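Data block for coords32.cif (mmCIF, C-alpha atoms):
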data_structure
loop_
_atom_site.label_atom_id
_atom_site.label_comp_id
_atom_site.auth_asym_id
_atom_site.auth_seq_id
_atom_site.Cartn_x
_atom_site.Cartn_y
_atom_site.Cartn_z
CA MET A 1 42.41 -90.26 -14.24
CA LYS A 2 38.94 -91.79 -14.49
CA ILE A 3 36.68 -90.08 -17.02
CA LEU A 4 32.95 -90.59 -17.48
CA VAL A 5 31.41 -89.36 -20.73
CA CYS A 6 27.62 -88.97 -20.81
CA ILE A 7 26.16 -90.02 -24.15
CA SER A 8 22.75 -89.00 -25.47
CA HIS A 9 21.06 -91.12 -28.16
CA VAL A 10 19.55 -88.56 -30.54
CA PRO A 11 17.97 -88.54 -34.03
CA ASP A 12 20.27 -87.76 -36.93
CA THR A 13 19.66 -84.23 -38.19
CA THR A 14 18.72 -85.61 -41.62
CA SER A 15 15.85 -87.66 -40.15
CA LYS A 16 12.28 -86.70 -40.98
CA ILE A 17 10.53 -85.85 -37.72
CA ASN A 18 6.92 -86.85 -37.09
CA PHE A 19 4.67 -87.24 -34.04
CA THR A 20 2.00 -89.76 -33.08
CA ASN A 21 -0.83 -90.19 -30.58
CA GLY A 22 -2.28 -86.73 -31.08
CA ASP A 23 1.17 -85.12 -31.41
CA SER A 24 2.01 -86.16 -27.85
CA GLU A 25 4.74 -88.70 -28.70
CA PHE A 26 7.78 -88.73 -30.97
CA ASP A 27 7.48 -91.16 -33.87
CA THR A 28 10.66 -93.27 -33.95
CA ALA A 29 9.73 -95.19 -37.13
CA GLY A 30 12.49 -94.92 -39.73
CA VAL A 31 14.61 -92.58 -37.61
CA GLN A 32 18.40 -93.05 -37.59
CA TYR A 33 20.05 -92.35 -34.22
CA VAL A 34 23.56 -91.04 -33.53
CA ILE A 35 25.76 -89.88 -30.66
CA ASN A 36 24.70 -86.39 -29.62
CA PRO A 37 27.18 -84.03 -31.35
CA ASN A 38 28.13 -82.13 -28.17
CA ASP A 39 28.78 -85.49 -26.48
CA GLU A 40 30.90 -86.60 -29.42
CA PHE A 41 33.19 -83.59 -28.95
CA GLY A 42 33.49 -84.56 -25.28
CA LEU A 43 34.17 -88.21 -26.09
CA THR A 44 36.92 -87.29 -28.54
CA ARG A 45 38.60 -85.12 -25.92
CA ALA A 46 38.34 -87.96 -23.40
CA ILE A 47 40.01 -90.35 -25.86
CA TRP A 48 42.81 -87.80 -26.23
CA PHE A 49 43.33 -87.88 -22.44
CA GLN A 50 43.32 -91.67 -22.68
CA GLU A 51 46.02 -91.70 -25.34
CA GLN A 52 48.18 -88.90 -23.94
CA GLN A 53 47.76 -89.31 -20.17
CA GLY A 54 46.64 -92.90 -19.66
CA ALA A 55 43.09 -92.03 -18.59
CA THR A 56 40.36 -94.66 -18.51
CA VAL A 57 37.17 -93.69 -20.32
CA THR A 58 33.69 -94.96 -19.47
CA VAL A 59 30.62 -93.93 -21.45
CA ILE A 60 27.13 -93.88 -19.96
CA ASN A 61 23.62 -93.50 -21.27
CA VAL A 62 20.18 -93.44 -19.67
CA GLY A 63 17.90 -95.34 -22.03
CA GLY A 64 16.43 -98.62 -23.20
CA PRO A 65 18.07 -101.45 -25.14
CA ASP A 66 17.62 -99.48 -28.38
CA THR A 67 20.43 -97.13 -27.27
CA GLU A 68 23.05 -99.87 -27.06
CA PRO A 69 24.22 -99.50 -30.71
CA THR A 70 25.10 -95.89 -29.87
CA LEU A 71 27.08 -97.02 -26.82
CA ARG A 72 28.82 -99.68 -28.92
CA LYS A 73 29.83 -96.99 -31.38
CA ALA A 74 31.37 -95.03 -28.49
CA LEU A 75 33.25 -98.19 -27.49
CA ALA A 76 34.43 -98.62 -31.07
CA ILE A 77 35.72 -95.06 -31.04
CA GLY A 78 37.90 -96.00 -28.07
CA ALA A 79 36.04 -95.92 -24.74
CA ASN A 80 37.12 -98.67 -22.35
CA GLU A 81 33.67 -99.65 -21.07
CA ALA A 82 30.04 -98.62 -21.16
CA ILE A 83 27.12 -98.32 -18.73
CA ARG A 84 23.43 -98.19 -19.59
CA VAL A 85 20.92 -97.15 -16.96
CA ASN A 86 17.80 -99.06 -17.94
CA ALA A 87 15.22 -96.26 -17.94
CA ASN A 88 13.35 -94.01 -20.34
CA PRO A 89 15.04 -90.56 -20.26
CA THR A 90 11.82 -88.55 -20.24
CA ASP A 91 12.85 -85.86 -17.74
CA GLY A 92 16.08 -83.89 -17.29
CA PHE A 93 16.07 -84.12 -13.49
CA PHE A 94 15.39 -87.87 -13.61
CA VAL A 95 18.36 -88.36 -15.96
CA ALA A 96 20.60 -86.18 -13.79
CA LYS A 97 19.68 -88.23 -10.70
CA GLN A 98 20.59 -91.48 -12.46
CA LEU A 99 23.92 -90.12 -13.67
CA ALA A 100 24.73 -88.57 -10.29
CA GLU A 101 24.21 -91.92 -8.58
CA VAL A 102 26.68 -93.64 -10.92
CA ILE A 103 29.20 -90.82 -10.54
CA LYS A 104 28.94 -90.89 -6.75
CA ASN A 105 29.63 -94.62 -6.64
CA GLY A 106 32.23 -94.69 -9.44
CA GLY A 107 34.86 -92.29 -8.12
CA TYR A 108 35.26 -90.42 -11.42
CA ASP A 109 37.70 -87.53 -11.62
CA LEU A 110 36.25 -85.88 -14.70
CA VAL A 111 32.69 -86.07 -16.03
CA ILE A 112 32.10 -84.79 -19.55
CA ALA A 113 28.54 -84.19 -20.75
CA GLY A 114 27.37 -82.26 -23.78
CA LYS A 115 26.06 -78.87 -22.72
CA GLU A 116 22.74 -79.82 -24.35
CA SER A 117 21.27 -82.59 -26.47
CA LEU A 118 20.36 -82.13 -30.10
CA ASP A 119 16.75 -83.26 -29.67
CA TYR A 120 15.35 -81.37 -26.65
CA ASN A 121 18.06 -78.69 -26.24
CA GLY A 122 17.22 -78.44 -22.53
CA GLY A 123 20.77 -77.66 -21.41
CA MET A 124 19.89 -78.76 -17.86
CA VAL A 125 21.51 -82.10 -17.12
CA PRO A 126 25.22 -81.21 -16.59
CA GLY A 127 24.42 -78.41 -14.17
CA MET A 128 21.86 -80.53 -12.33
CA ILE A 129 24.42 -83.31 -11.84
CA ALA A 130 26.88 -80.82 -10.38
CA GLY A 131 24.17 -79.39 -8.11
CA ILE A 132 23.17 -82.83 -6.82
CA LEU A 133 26.78 -83.81 -6.12
CA GLY A 134 28.10 -80.40 -5.06
CA SER A 135 30.89 -80.69 -7.63
CA ASN A 136 32.90 -78.10 -9.52
CA PHE A 137 31.13 -77.28 -12.80
CA LEU A 138 32.02 -75.47 -16.00
CA ASN A 139 29.59 -75.08 -18.89
CA SER A 140 30.08 -74.31 -22.58
CA CYS A 141 33.68 -75.56 -22.54
CA THR A 142 35.71 -75.10 -25.73
CA SER A 143 39.14 -76.01 -24.32
CA LEU A 144 40.25 -78.29 -21.50
CA THR A 145 43.70 -79.23 -20.18
CA VAL A 146 44.48 -81.30 -17.08
CA ASP A 147 47.80 -81.31 -15.23
CA GLY A 148 47.65 -83.63 -12.24
CA ASN A 149 44.72 -82.34 -10.20
CA ASN A 150 44.72 -78.89 -11.80
CA VAL A 151 42.45 -77.94 -14.68
CA LYS A 152 42.51 -75.02 -17.08
CA ALA A 153 39.48 -74.48 -19.29
CA ILE A 154 38.15 -71.95 -21.75
CA ARG A 155 34.41 -71.48 -22.06
CA GLU A 156 32.15 -69.36 -24.20
CA ILE A 157 30.38 -66.43 -22.58
CA ASP A 158 28.22 -63.69 -24.07
CA GLY A 159 30.46 -61.59 -26.27
CA GLY A 160 33.67 -63.55 -25.78
CA LYS A 161 35.54 -66.30 -23.98
CA GLU A 162 36.56 -66.83 -20.37
CA THR A 163 39.63 -68.72 -19.13
CA VAL A 164 39.05 -70.55 -15.85
CA SER A 165 41.29 -72.51 -13.48
CA THR A 166 39.86 -75.15 -11.17
CA THR A 167 40.59 -78.62 -9.76
CA LEU A 168 39.35 -82.17 -10.09
CA PRO A 169 36.82 -83.65 -9.56
CA LEU A 170 35.01 -81.64 -12.19
CA ILE A 171 31.90 -81.78 -14.35
CA ILE A 172 31.90 -79.94 -17.67
CA GLY A 173 29.32 -79.15 -20.32
CA ALA A 174 31.11 -79.72 -23.64
CA GLN A 175 30.38 -78.13 -26.98
CA LYS A 176 31.79 -77.59 -30.45
CA GLY A 177 35.36 -76.33 -30.12
CA LEU A 178 36.45 -78.69 -27.36
CA VAL A 179 38.07 -80.52 -30.28
CA GLU A 180 38.15 -79.60 -33.95
CA GLU A 181 35.55 -81.27 -36.15
CA LYS A 182 38.35 -82.74 -38.27
CA ASP A 183 39.59 -84.59 -35.15
CA LEU A 184 36.32 -86.44 -34.49
CA ARG A 185 36.87 -90.20 -34.57
CA ILE A 186 35.23 -92.60 -37.01
CA PRO A 187 35.18 -96.22 -35.83
CA ASN A 188 37.45 -98.46 -37.90
CA MET A 189 37.03 -102.20 -38.36
CA ARG A 190 39.45 -103.02 -35.56
CA GLY A 191 37.58 -100.71 -33.18
CA ILE A 192 34.23 -102.22 -34.16
CA MET A 193 35.48 -105.76 -33.55
CA THR A 194 37.11 -104.80 -30.24
CA ALA A 195 33.92 -103.07 -29.06
CA ARG A 196 32.12 -106.42 -29.10
CA THR A 197 34.36 -107.71 -26.29
CA LYS A 198 34.22 -104.60 -24.09
CA ALA A 199 32.02 -104.54 -21.00
CA LEU A 200 28.55 -103.00 -21.26
CA THR A 201 27.01 -102.93 -17.79
CA ILE A 202 23.25 -102.49 -17.34
CA LEU A 203 22.06 -100.82 -14.14
CA GLU A 204 18.52 -100.44 -12.87
CA PRO A 205 17.44 -96.85 -12.14
CA VAL A 206 17.20 -95.31 -8.69
CA ASP A 207 13.94 -93.71 -7.59
CA ALA A 208 13.58 -90.14 -8.78
CA PRO A 209 10.56 -87.90 -9.46
CA LEU A 210 9.48 -86.99 -12.98
CA ASN A 211 9.05 -83.23 -12.73
CA THR A 212 8.12 -82.55 -16.36
CA LYS A 213 6.02 -84.23 -19.04
CA ALA A 214 5.72 -83.62 -22.77
CA VAL A 215 2.10 -82.70 -23.42
CA LYS A 216 2.20 -81.88 -27.11
CA PHE A 217 4.74 -81.44 -29.91
CA GLU A 218 4.31 -78.97 -32.73
CA LYS A 219 6.35 -78.54 -35.90
CA PRO A 220 7.49 -75.06 -36.93
CA ALA A 221 5.22 -73.38 -39.45
CA PRO A 222 6.31 -73.87 -43.08
CA LYS A 223 8.38 -71.08 -44.50
CA SER A 224 6.34 -68.62 -46.56
CA ALA A 225 7.20 -67.68 -50.10
CA VAL A 226 10.03 -65.22 -50.61
CA LYS A 227 9.10 -61.72 -51.77
CA LEU A 228 11.63 -59.99 -54.01
CA ILE A 229 11.77 -56.19 -53.91
CA ALA A 230 13.68 -53.94 -56.23
CA ALA A 231 16.86 -52.55 -54.68
CA ASP A 232 15.67 -48.96 -55.11
CA ASN A 233 12.16 -49.55 -53.66
CA LEU A 234 12.97 -48.75 -50.01
CA ASP A 235 9.45 -47.58 -49.20
CA GLU A 236 8.00 -51.01 -50.06
CA LEU A 237 10.75 -52.78 -48.10
CA ILE A 238 10.04 -50.68 -44.99
CA ASN A 239 6.28 -51.23 -45.41
CA LEU A 240 6.66 -55.01 -45.55
CA LEU A 241 9.09 -55.16 -42.62
CA HIS A 242 6.77 -53.03 -40.52
CA ASN A 243 3.31 -54.27 -41.44
CA GLU A 244 3.87 -57.88 -42.57
CA ALA A 245 7.03 -59.20 -40.93
CA LYS A 246 6.50 -56.88 -37.92
CA VAL A 247 10.21 -56.68 -37.16
CA ILE A 248 10.44 -52.89 -37.08
#
Please render this file's structure as structure tokens.
Amino acid sequence: MKILVCISHVPDTTSKINFTNGDSEFDTAGVQYVINPNDEFGLTRAIWFQEQQGATVTVINVGGPDTEPTLRKALAIGANEAIRVNANPTDGFFVAKQLAEVIKNGGYDLVIAGKESLDYNGGMVPGMIAGILGSNFLNSCTSLTVDGNNVKAIREIDGGKETVSTTLPLIIGAQKGLVEEKDLRIPNMRGIMTARTKALTILEPVDAPLNTKAVKFEKPAPKSAVKLIAADNLDELINLLHNEAKVI
């Protein structure tokens, strides 16, 4: 089984976020980048298939040379090889087109992408890839088993979970629950050294339109001071919820 895991290069959640050029561009100065958490769950599951079923695992990213340390980390975790599409991932459709082209030419059985990235939270790319290729697609996957060509998956839906049966080839949108957090892999020294010898292929992008553009970024408003109300003062609580917070 050939597995392709899509990796997003995203800021660590502890990073301080700022914007430049009139709040139209993200300021990368001093920002630490990591593997997108939803992608990391998918990568860990792919490594499990590698160890238990002999699958080969390729990781892919659409980005510039600055994303290569993130790909090398994925290789250190256990992926067999990596691909970087040499383009700025400014638009979800553009990214999906690049990934779809690689998938079409690579003959992958299973494509695992995080259901959304931690930075933009667009949640568009996995479904767009499936639409471009006409492939089977399952989103919000929290469980995945493969037996030959047959797949059984569990995915989150509003108010519960849904168990689905389908077949390969398949594209999934992974999320927390696909593996337990305690099972996430941390690269060891042997993995880090081995990653240096693994193939990292750089591909030039195919032509694709940029359908969206970031015009301006805006930080959330600072949290206001907390108002404490006596437990027996219900009239004041209702007044504040109605006239100040405007939630009732």
The PyMOL selection byres ((chain A and resi 177) around 12) resolved against shown file, as a tab-separated table (two decimals) with C-alpha atoms, keeping the file's coordinate frame:
chain	number	residue	atom	x	y	z
A	37	PRO	CA	27.18	-84.03	-31.35
A	38	ASN	CA	28.13	-82.13	-28.17
A	39	ASP	CA	28.78	-85.49	-26.48
A	40	GLU	CA	30.90	-86.60	-29.42
A	41	PHE	CA	33.19	-83.59	-28.95
A	42	GLY	CA	33.49	-84.56	-25.28
A	44	THR	CA	36.92	-87.29	-28.54
A	45	ARG	CA	38.60	-85.12	-25.92
A	114	GLY	CA	27.37	-82.26	-23.78
A	140	SER	CA	30.08	-74.31	-22.58
A	141	CYS	CA	33.68	-75.56	-22.54
A	142	THR	CA	35.71	-75.10	-25.73
A	143	SER	CA	39.14	-76.01	-24.32
A	144	LEU	CA	40.25	-78.29	-21.50
A	153	ALA	CA	39.48	-74.48	-19.29
A	154	ILE	CA	38.15	-71.95	-21.75
A	155	ARG	CA	34.41	-71.48	-22.06
A	156	GLU	CA	32.15	-69.36	-24.20
A	161	LYS	CA	35.54	-66.30	-23.98
A	173	GLY	CA	29.32	-79.15	-20.32
A	174	ALA	CA	31.11	-79.72	-23.64
A	175	GLN	CA	30.38	-78.13	-26.98
A	176	LYS	CA	31.79	-77.59	-30.45
A	178	LEU	CA	36.45	-78.69	-27.36
A	179	VAL	CA	38.07	-80.52	-30.28
A	180	GLU	CA	38.15	-79.60	-33.95
A	181	GLU	CA	35.55	-81.27	-36.15
A	182	LYS	CA	38.35	-82.74	-38.27
A	183	ASP	CA	39.59	-84.59	-35.15
A	184	LEU	CA	36.32	-86.44	-34.49
Residues within 10 Å of Ala195 (chain A), please, as a PyMOL selection string. Count only C-alpha atoms; anything in the same chain fewer than 5 positions from it doesn't count. chain A and resi 71-82+187+189-190+200
Okay, now the selection with C-alpha atoms, as a PDB file, keeping the file's coordinate frame?
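Contents of selection00.pdb, freshly written:
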ATOM      1  CA  LEU A  71      27.080 -97.020 -26.820  1.00  0.00           C
ATOM      2  CA  ARG A  72      28.820 -99.680 -28.920  1.00  0.00           C
ATOM      3  CA  LYS A  73      29.830 -96.990 -31.380  1.00  0.00           C
ATOM      4  CA  ALA A  74      31.370 -95.030 -28.490  1.00  0.00           C
ATOM      5  CA  LEU A  75      33.250 -98.190 -27.490  1.00  0.00           C
ATOM      6  CA  ALA A  76      34.430 -98.620 -31.070  1.00  0.00           C
ATOM      7  CA  ILE A  77      35.720 -95.060 -31.040  1.00  0.00           C
ATOM      8  CA  GLY A  78      37.900 -96.000 -28.070  1.00  0.00           C
ATOM      9  CA  ALA A  79      36.040 -95.920 -24.740  1.00  0.00           C
ATOM     10  CA  ASN A  80      37.120 -98.670 -22.350  1.00  0.00           C
ATOM     11  CA  GLU A  81      33.670 -99.650 -21.070  1.00  0.00           C
ATOM     12  CA  ALA A  82      30.040 -98.620 -21.160  1.00  0.00           C
ATOM     13  CA  PRO A 187      35.180 -96.220 -35.830  1.00  0.00           C
ATOM     14  CA  MET A 189      37.030-102.200 -38.360  1.00  0.00           C
ATOM     15  CA  ARG A 190      39.450-103.020 -35.560  1.00  0.00           C
ATOM     16  CA  LEU A 200      28.550-103.000 -21.260  1.00  0.00           C
TER      17      LEU A 200
END
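If you measure from each of A:Arg84, A:Lys104, A:Arg196, A:Lys216 to Cys6 (chain A) using all atoms listed in the file, the closest one turns out to be A:Arg84.
Atom pair CA of Val31 (chain A) / CA of Thr67 (chain A): separated by 12.7 Å.
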The PyMOL selection byres ((chain A and resi 87) around 12) resolved against shown file, as a VMD selection string: chain A and resid 61 to 67 84 to 86 88 to 91 94 to 95 97 to 99 202 to 208 210
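Once the PyMOL selection byres ((chain A and resi 21-30) around 10) is applied to the depicted file, the selected set reads Pro11, Ser15, Lys16, Ile17, Asn18, Phe19, Thr20, Val31, Gln32, Tyr33, Lys213, Ala214, Val215, Lys216, Phe217, Glu218 and Lys219 of chain A.
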Distance CA of Thr145 (chain A)-CA of Ser165 (chain A), one decimal place?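 These two atoms are separated by 9.8 Å.
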CA of Gln50 (chain A) and CA of Val111 (chain A) are how many Å apart?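 Separating CA of Gln50 (chain A) from CA of Val111 (chain A) is a distance of 13.7 Å.
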Contact residues around Gly127 (chain A) with only C-alpha atoms at 9 Å, ignoring same-chain residues under 5 positions, as a list in words: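 In the requested form, the answer reads Ala96, Lys115, Ile132, Phe137, Leu138, Asn139, Ile171, Ile172 and Gly173 of chain A.
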For Leu4 (chain A), list every protein, DNA or RNA residue within 6 Å, evaluated using all atoms listed in the file, and leave out those in the same chain fewer than 2 positions away; present the list as an NGL selection string. :A and (57-59 or 111)
Closest of A:Gly122, A:Gly148, A:Pro69, A:Pro209 to Pro169 (chain A) - atom-to-atom distances counting only C-alpha atoms: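 Closest candidate: A:Gly148.
Here the question is which of A:Val151, A:Phe93, A:Asp235, A:Gly106 gets nearest to Val125 (chain A) using all atoms listed in the file, and that residue is A:Phe93.
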Please output region 18-49 of chain A, rebuilt to include N, CA and C atoms, as a short mmCIF file (atom, residue, chain, number, x, y, z; two decimals), in the coordinates of the input.
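So the final result, stored in part14.cif, reads:
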data_model
loop_
_atom_site.label_atom_id
_atom_site.label_comp_id
_atom_site.auth_asym_id
_atom_site.auth_seq_id
_atom_site.Cartn_x
_atom_site.Cartn_y
_atom_site.Cartn_z
N ASN A 18 8.38 -86.80 -37.16
CA ASN A 18 6.92 -86.85 -37.09
C ASN A 18 6.50 -87.18 -35.65
N PHE A 19 5.21 -86.96 -35.37
CA PHE A 19 4.67 -87.24 -34.04
C PHE A 19 3.43 -88.11 -34.16
N THR A 20 3.15 -88.86 -33.10
CA THR A 20 2.00 -89.76 -33.08
C THR A 20 1.15 -89.50 -31.85
N ASN A 21 0.05 -90.26 -31.74
CA ASN A 21 -0.83 -90.19 -30.58
C ASN A 21 -1.25 -88.75 -30.27
N GLY A 22 -1.82 -88.10 -31.27
CA GLY A 22 -2.28 -86.73 -31.08
C GLY A 22 -1.16 -85.75 -30.86
N ASP A 23 -0.02 -85.98 -31.53
CA ASP A 23 1.17 -85.12 -31.41
C ASP A 23 1.73 -85.07 -30.00
N SER A 24 1.51 -86.13 -29.23
CA SER A 24 2.01 -86.16 -27.85
C SER A 24 3.25 -87.04 -27.70
N GLU A 25 3.59 -87.81 -28.76
CA GLU A 25 4.74 -88.70 -28.70
C GLU A 25 5.56 -88.59 -29.98
N PHE A 26 6.86 -88.75 -29.83
CA PHE A 26 7.78 -88.73 -30.97
C PHE A 26 7.68 -90.04 -31.73
N ASP A 27 7.57 -89.97 -33.04
CA ASP A 27 7.48 -91.16 -33.87
C ASP A 27 8.89 -91.62 -34.25
N THR A 28 9.29 -92.77 -33.73
CA THR A 28 10.66 -93.27 -33.95
C THR A 28 10.79 -94.09 -35.23
N ALA A 29 9.69 -94.34 -35.93
CA ALA A 29 9.73 -95.19 -37.13
C ALA A 29 10.63 -94.57 -38.20
N GLY A 30 11.61 -95.36 -38.65
CA GLY A 30 12.49 -94.92 -39.73
C GLY A 30 13.53 -93.89 -39.35
N VAL A 31 13.68 -93.61 -38.05
CA VAL A 31 14.61 -92.58 -37.61
C VAL A 31 15.98 -93.20 -37.30
N GLN A 32 17.03 -92.61 -37.85
CA GLN A 32 18.40 -93.05 -37.59
C GLN A 32 18.94 -92.28 -36.39
N TYR A 33 19.54 -92.99 -35.43
CA TYR A 33 20.05 -92.35 -34.22
C TYR A 33 21.58 -92.29 -34.23
N VAL A 34 22.11 -91.27 -33.58
CA VAL A 34 23.56 -91.04 -33.53
C VAL A 34 23.95 -90.58 -32.12
N ILE A 35 25.25 -90.49 -31.89
CA ILE A 35 25.76 -89.88 -30.66
C ILE A 35 25.49 -88.38 -30.72
N ASN A 36 24.94 -87.83 -29.67
CA ASN A 36 24.70 -86.39 -29.62
C ASN A 36 25.98 -85.63 -29.96
N PRO A 37 25.95 -84.69 -30.92
CA PRO A 37 27.18 -84.03 -31.35
C PRO A 37 28.00 -83.39 -30.22
N ASN A 38 27.37 -82.71 -29.27
CA ASN A 38 28.13 -82.13 -28.17
C ASN A 38 28.82 -83.21 -27.34
N ASP A 39 28.17 -84.36 -27.20
CA ASP A 39 28.78 -85.49 -26.48
C ASP A 39 29.94 -86.06 -27.26
N GLU A 40 29.83 -86.05 -28.58
CA GLU A 40 30.90 -86.60 -29.42
C GLU A 40 32.17 -85.76 -29.30
N PHE A 41 32.02 -84.44 -29.20
CA PHE A 41 33.19 -83.59 -28.95
C PHE A 41 33.83 -83.97 -27.61
N GLY A 42 32.99 -84.18 -26.60
CA GLY A 42 33.49 -84.56 -25.28
C GLY A 42 34.17 -85.91 -25.29
N LEU A 43 33.59 -86.88 -26.01
CA LEU A 43 34.17 -88.21 -26.09
C LEU A 43 35.53 -88.16 -26.77
N THR A 44 35.63 -87.40 -27.83
CA THR A 44 36.92 -87.29 -28.54
C THR A 44 37.99 -86.70 -27.64
N ARG A 45 37.62 -85.71 -26.84
CA ARG A 45 38.60 -85.12 -25.92
C ARG A 45 39.00 -86.14 -24.85
N ALA A 46 38.03 -86.93 -24.39
CA ALA A 46 38.34 -87.96 -23.40
C ALA A 46 39.31 -89.00 -23.96
N ILE A 47 39.11 -89.39 -25.23
CA ILE A 47 40.01 -90.35 -25.86
C ILE A 47 41.41 -89.75 -25.98
N TRP A 48 41.50 -88.45 -26.21
CA TRP A 48 42.81 -87.80 -26.23
C TRP A 48 43.50 -87.93 -24.88
N PHE A 49 42.75 -87.70 -23.79
CA PHE A 49 43.33 -87.88 -22.44
C PHE A 49 43.74 -89.34 -22.23
#
